[in-house]
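> This is the structure I have questions about; it appears just below.
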Amino acid sequence: MTSTISDKALSVALLTSYLQDLLEGDRRLQSLWVTGEVASVSEHPSGTYFTLCDADKSAAIRCVVWKSQRPKLLEKPKKGAQLLVLGSLRVYKTRGEYQLNVSQSLPAGEGLQALRLEQLRSRLDAEGLFSPANKRPLPAHPKIVAVVTSDTSAAWGDIQRTLTQRYPRLQVLLSPTAVQGESAPAEIVRAIARVELDGRADVIVLGRGGGAAEDLACFNDERVVRAIGNCAIPIITGIGHERDESLADLVADKRAHTPTAAAEQAVPNLADIYFQHRQRVVNLAQVVRSRFQKEEKHLQLLQNRLKRLPVTSRTLQQASGKLEVLQQKLSALNPAAVLERGYAAAIQSDGTIVRSTEGLVLGEELTLKLSRGVVKVKIVEILDATEKL
């Protein structure tokens with residue numbers, strides 16, 4: 001009997017190896033979050049050793065943060081602190097113990113919420129929900145603005161007042177909803193759907209005043225974020241104060257820091273439009289006046305040129321008349337004209353024109369230049385000027 005039992009009994013090493021394979025082989029235990037209170041802390045060169053236990057001290061687990069992981073911790077273990085740690089379970093056979101090797105440590109409570117929020121943000125971002133390419137432009141001059149907020153909130157009053165001051169006679173639709181509490185996410189989704197179904201609004205303002213992080217939690221709800229991202233109407237968010245940022249802000253087409261600022265972005269300032277219009281009128285009048293003055297100067301220049309042209313024309317006519325008279329006189333003095341009338345010019349051999357018989361001798365050769373052609377002659381007789389031919 002004893003031998004039979006001993007044959008079936010496991011050695012400590014085999015049992016520990018079995019447990020090691022069982023625990024370390026479980027994928028769920030390779031990366032898990034554990035929350036608890038730090039009961040003790042011990043610093044060593046190799047790492048930080050601490051014990052994590054439940055608040056009632058009913059259970060505890062040994063933990064270690066190795067030296068290489070310590071700089072990565074967001075929250076270092078301190079006795080009495082509530083922590084949320086990420087680690088993997090490891091079995092140490094020599095001591096017969098299991099231990100959590102910690103790679104990250106966060107404050108519990110708000111830290112857990114922050115972790116969940118960051119995980120949701122990363123997942124939605126990976127889907128492209130926050131991409132700038134999905135942002136739609138806001139209408140420049142909306143006719144109807146819908147407001148999704150609580151009808152009893154100060155934010156609703158601020159939004160109404162701002163819209164009325166900036167853009168009088170604008171039609172404003174209210175789709176009321178709770179903006180905090182457990183029911184708020186579902187109500188906000190329904191309020192956005194009502195505006196879409198109505199179909200009249202050009203833009204939606206989703207607003208809520210400031211508050212604690214838990215009061216604004218509904219705007220980090222995945223249902224609300226997806227409702228904003230899938231809405232066919234552009235949405236402007238104005239949630240909390242300037243320091244607050246929610247997932248609703250990231251997915252919205254336009255984000256403002258407060259409800260009042262969201263209303264300001266929803267519509268233009270009519271007073272600014274009037275001022276810009278008056279400024280354009282003034283600028284246009286200045287341009288027209290400047291152009292008129294320029295054209296007037298050009299016209300005066302042309303008129304001056306025209307005046308100079310008639311003066312030049314009269315001078316030219318007078319000069320033409322004088323030229324004609326001179327041409328007539330010149331024509332009368334032109335030897336060629338005399339030759340045309342049947343006269344001839346007698347030229348001696350040295351080129352002297354013969355004007356009288358003086359100096360001429362019998363037998364002398366003369367050149368007679370006619371209107372058309374030249375002849376050579378020889379003097380055979382010289383008569384007195386008083387003698388007739």
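Lettering and numbering for the structure tokens are positional, with chains as A, B, ... in the shown order, residues counted from 1 in each chain, and ligands counted from 1 in the shown order.
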May I have all residues of segment 170-386 of chain A that DSSP, computed from the backbone, assigns to helix (DSSP H, G or I), given as a ChimeraX atom specification?
/A:184-198,217-220,222-230,247-251,259-266,270-333,335-340
> So which residues touch Val172 of chain A within 6 Å, counting only C-alpha atoms, skipping near sequence neighbours fewer than 5 positions away, as a PyMOL selection string?
chain A and resi 144-146
> Write to file, as a PDB file, in the first residue's frame, the residues of the selection just made, with N, CA and C atoms.

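The resulting file, again11.pdb, is shown below:
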ATOM      1  N   ILE A 144     -30.184  78.057 -39.294  1.00  0.00           N
ATOM      2  CA  ILE A 144     -30.745  77.407 -38.105  1.00  0.00           C
ATOM      3  C   ILE A 144     -29.625  76.691 -37.365  1.00  0.00           C
ATOM      4  N   VAL A 145     -29.534  76.944 -36.060  1.00  0.00           N
ATOM      5  CA  VAL A 145     -28.537  76.286 -35.204  1.00  0.00           C
ATOM      6  C   VAL A 145     -29.268  75.448 -34.169  1.00  0.00           C
ATOM      7  N   ALA A 146     -28.877  74.178 -34.028  1.00  0.00           N
ATOM      8  CA  ALA A 146     -29.444  73.314 -32.998  1.00  0.00           C
ATOM      9  C   ALA A 146     -28.477  73.239 -31.821  1.00  0.00           C
TER      10      ALA A 146
END
> Counting only C-alpha atoms, which residues of segment 111-219 of chain A fall within 10 Å of segment 228-249 of chain A, and what is the closest atom pair for each with its distance in Å at one decimal, ordered by chain and rising number, as JSON lines?

{"residue": "A:Leu117", "atom": "CA", "partner": "A:Leu247", "partner_atom": "CA", "distance": 8.7}
{"residue": "A:Glu118", "atom": "CA", "partner": "A:Leu247", "partner_atom": "CA", "distance": 9.8}
{"residue": "A:Leu120", "atom": "CA", "partner": "A:Leu247", "partner_atom": "CA", "distance": 9.0}
{"residue": "A:Arg121", "atom": "CA", "partner": "A:Leu247", "partner_atom": "CA", "distance": 7.0}
{"residue": "A:Leu124", "atom": "CA", "partner": "A:Leu247", "partner_atom": "CA", "distance": 9.2}
{"residue": "A:Asp125", "atom": "CA", "partner": "A:Leu247", "partner_atom": "CA", "distance": 9.9}
{"residue": "A:Leu129", "atom": "CA", "partner": "A:Gly229", "partner_atom": "CA", "distance": 6.7}
{"residue": "A:Phe130", "atom": "CA", "partner": "A:Gly229", "partner_atom": "CA", "distance": 8.3}
{"residue": "A:Asn134", "atom": "CA", "partner": "A:Gly229", "partner_atom": "CA", "distance": 8.4}
{"residue": "A:Lys135", "atom": "CA", "partner": "A:Pro234", "partner_atom": "CA", "distance": 8.3}
{"residue": "A:Arg136", "atom": "CA", "partner": "A:Pro234", "partner_atom": "CA", "distance": 6.2}
{"residue": "A:Pro137", "atom": "CA", "partner": "A:Pro234", "partner_atom": "CA", "distance": 7.3}
{"residue": "A:Leu138", "atom": "CA", "partner": "A:Pro234", "partner_atom": "CA", "distance": 6.3}
{"residue": "A:Pro139", "atom": "CA", "partner": "A:Pro234", "partner_atom": "CA", "distance": 8.5}
{"residue": "A:Ala146", "atom": "CA", "partner": "A:Ile235", "partner_atom": "CA", "distance": 9.4}
{"residue": "A:Val147", "atom": "CA", "partner": "A:Ile236", "partner_atom": "CA", "distance": 9.6}
{"residue": "A:Val148", "atom": "CA", "partner": "A:Thr237", "partner_atom": "CA", "distance": 9.6}
{"residue": "A:Ala155", "atom": "CA", "partner": "A:Gly238", "partner_atom": "CA", "distance": 9.1}
{"residue": "A:Ile159", "atom": "CA", "partner": "A:Gly238", "partner_atom": "CA", "distance": 9.7}
{"residue": "A:Val179", "atom": "CA", "partner": "A:Ile239", "partner_atom": "CA", "distance": 9.8}
{"residue": "A:Ile188", "atom": "CA", "partner": "A:Ile228", "partner_atom": "CA", "distance": 9.7}
{"residue": "A:Val189", "atom": "CA", "partner": "A:Ile228", "partner_atom": "CA", "distance": 8.2}
{"residue": "A:Ile192", "atom": "CA", "partner": "A:Cys231", "partner_atom": "CA", "distance": 7.6}
{"residue": "A:Ala193", "atom": "CA", "partner": "A:Cys231", "partner_atom": "CA", "distance": 7.9}
{"residue": "A:Val195", "atom": "CA", "partner": "A:Ile233", "partner_atom": "CA", "distance": 8.6}
{"residue": "A:Glu196", "atom": "CA", "partner": "A:Ile233", "partner_atom": "CA", "distance": 7.0}
{"residue": "A:Gly199", "atom": "CA", "partner": "A:Ile233", "partner_atom": "CA", "distance": 8.7}
{"residue": "A:Arg200", "atom": "CA", "partner": "A:Ile233", "partner_atom": "CA", "distance": 9.8}
{"residue": "A:Ala201", "atom": "CA", "partner": "A:Ile233", "partner_atom": "CA", "distance": 7.6}
{"residue": "A:Asp202", "atom": "CA", "partner": "A:Ile233", "partner_atom": "CA", "distance": 6.6}
{"residue": "A:Val203", "atom": "CA", "partner": "A:Pro234", "partner_atom": "CA", "distance": 5.2}
{"residue": "A:Ile204", "atom": "CA", "partner": "A:Ile235", "partner_atom": "CA", "distance": 4.7}
{"residue": "A:Val205", "atom": "CA", "partner": "A:Ile236", "partner_atom": "CA", "distance": 4.9}
{"residue": "A:Leu206", "atom": "CA", "partner": "A:Thr237", "partner_atom": "CA", "distance": 4.8}
{"residue": "A:Gly207", "atom": "CA", "partner": "A:Gly238", "partner_atom": "CA", "distance": 4.7}
{"residue": "A:Arg208", "atom": "CA", "partner": "A:Ile239", "partner_atom": "CA", "distance": 4.8}
{"residue": "A:Gly209", "atom": "CA", "partner": "A:Gly240", "partner_atom": "CA", "distance": 4.6}
{"residue": "A:Gly210", "atom": "CA", "partner": "A:Gly240", "partner_atom": "CA", "distance": 3.6}
{"residue": "A:Gly211", "atom": "CA", "partner": "A:Gly240", "partner_atom": "CA", "distance": 6.3}
{"residue": "A:Ala212", "atom": "CA", "partner": "A:Gly240", "partner_atom": "CA", "distance": 8.9}
{"residue": "A:Ala213", "atom": "CA", "partner": "A:Asp244", "partner_atom": "CA", "distance": 8.5}
{"residue": "A:Asp215", "atom": "CA", "partner": "A:Gly240", "partner_atom": "CA", "distance": 9.5}
{"residue": "A:Leu216", "atom": "CA", "partner": "A:Gly240", "partner_atom": "CA", "distance": 7.5}
{"residue": "A:Ala217", "atom": "CA", "partner": "A:Ser246", "partner_atom": "CA", "distance": 8.2}
{"residue": "A:Cys218", "atom": "CA", "partner": "A:Ala248", "partner_atom": "CA", "distance": 9.1}
{"residue": "A:Phe219", "atom": "CA", "partner": "A:Ala248", "partner_atom": "CA", "distance": 5.4}
> A:Asp151, A:Glu214, A:Glu127, A:Glu364: which is nearest Ile347 of chain A, counting only C-alpha atoms?
A:Glu364
> Using only C-alpha atoms, determine which residues lie at most 12 Å from Leu163 of chain A, disregarding the query and same-chain residues fewer than 2 positions distant; provide the list as a PyMOL selection string.
chain A and resi 142-147+156-161+165-173+205+259-270
> What does the structure give for the distance between atom CA of Val224 of chain A and atom CA of Gly128 of chain A, in Å to one decimal?
16.0 Å
> Give me the residues within 7 Å of Lys79 of chain A as a list in words, counting only C-alpha atoms and dropping any in the same chain fewer than 2 places off.
Val38, Ala39, Ser40, Val41, Pro77 and Ala81 of chain A
> How about saving the chosen residues, N, CA, C and O atoms kept, as a CSV table (one decimal), in the first residue's frame?

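For reference, again10.csv as written:
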chain,number,residue,atom,x,y,z
A,38,VAL,N,-0.5,48.9,-1.3
A,38,VAL,CA,0.9,48.5,-1.0
A,38,VAL,C,1.1,48.3,0.5
A,38,VAL,O,0.9,49.3,1.3
A,39,ALA,N,1.4,47.1,0.9
A,39,ALA,CA,1.5,46.8,2.3
A,39,ALA,C,3.0,47.0,2.8
A,39,ALA,O,3.2,47.4,3.9
A,40,SER,N,3.9,46.7,1.9
A,40,SER,CA,5.3,46.9,2.3
A,40,SER,C,6.1,47.1,1.0
A,40,SER,O,5.8,46.7,-0.1
A,41,VAL,N,7.3,47.9,1.2
A,41,VAL,CA,8.2,48.2,0.0
A,41,VAL,C,9.6,48.0,0.5
A,41,VAL,O,10.0,48.3,1.6
A,77,PRO,N,5.7,52.6,-6.2
A,77,PRO,CA,5.1,52.0,-5.0
A,77,PRO,C,5.5,52.7,-3.7
A,77,PRO,O,6.7,52.9,-3.5
A,81,ALA,N,-0.2,53.2,-0.4
A,81,ALA,CA,-0.8,53.8,-1.7
A,81,ALA,C,-1.7,52.7,-2.4
A,81,ALA,O,-1.4,51.5,-2.3
> List as number ranges by chain the protein and nucleic acid residues near segment 51-63 of chain A, meaning an atom at most 10 Å away when only C-alpha atoms are counted, but skip any in the same chain fewer than 2 places from it.
A: 34-42, 48-49, 65-66, 77, 79-85, 87-90, 97-102
> Could you give me, as a ChimeraX atom specification, the residues within 8 Å of Gln104 of chain A, counting only C-alpha atoms and dropping anything in the same chain fewer than 3 positions from it?
/A:69,72-74,85-87
> Could you please write out, as a PyMOL selection string, every residue of segment 146-284 of chain A that DSSP assigns to strand (DSSP E)?
chain A and resi 146-149+171-176+203-208+235-239+254-256
> Kindly indicate which residue among A:Thr16, A:Gln327, A:Thr315, A:Ser103 lies nearest to Lys76 of chain A, using only C-alpha atoms for the distances.
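Distance minimum relative to Lys76 of chain A lands on A:Ser103.
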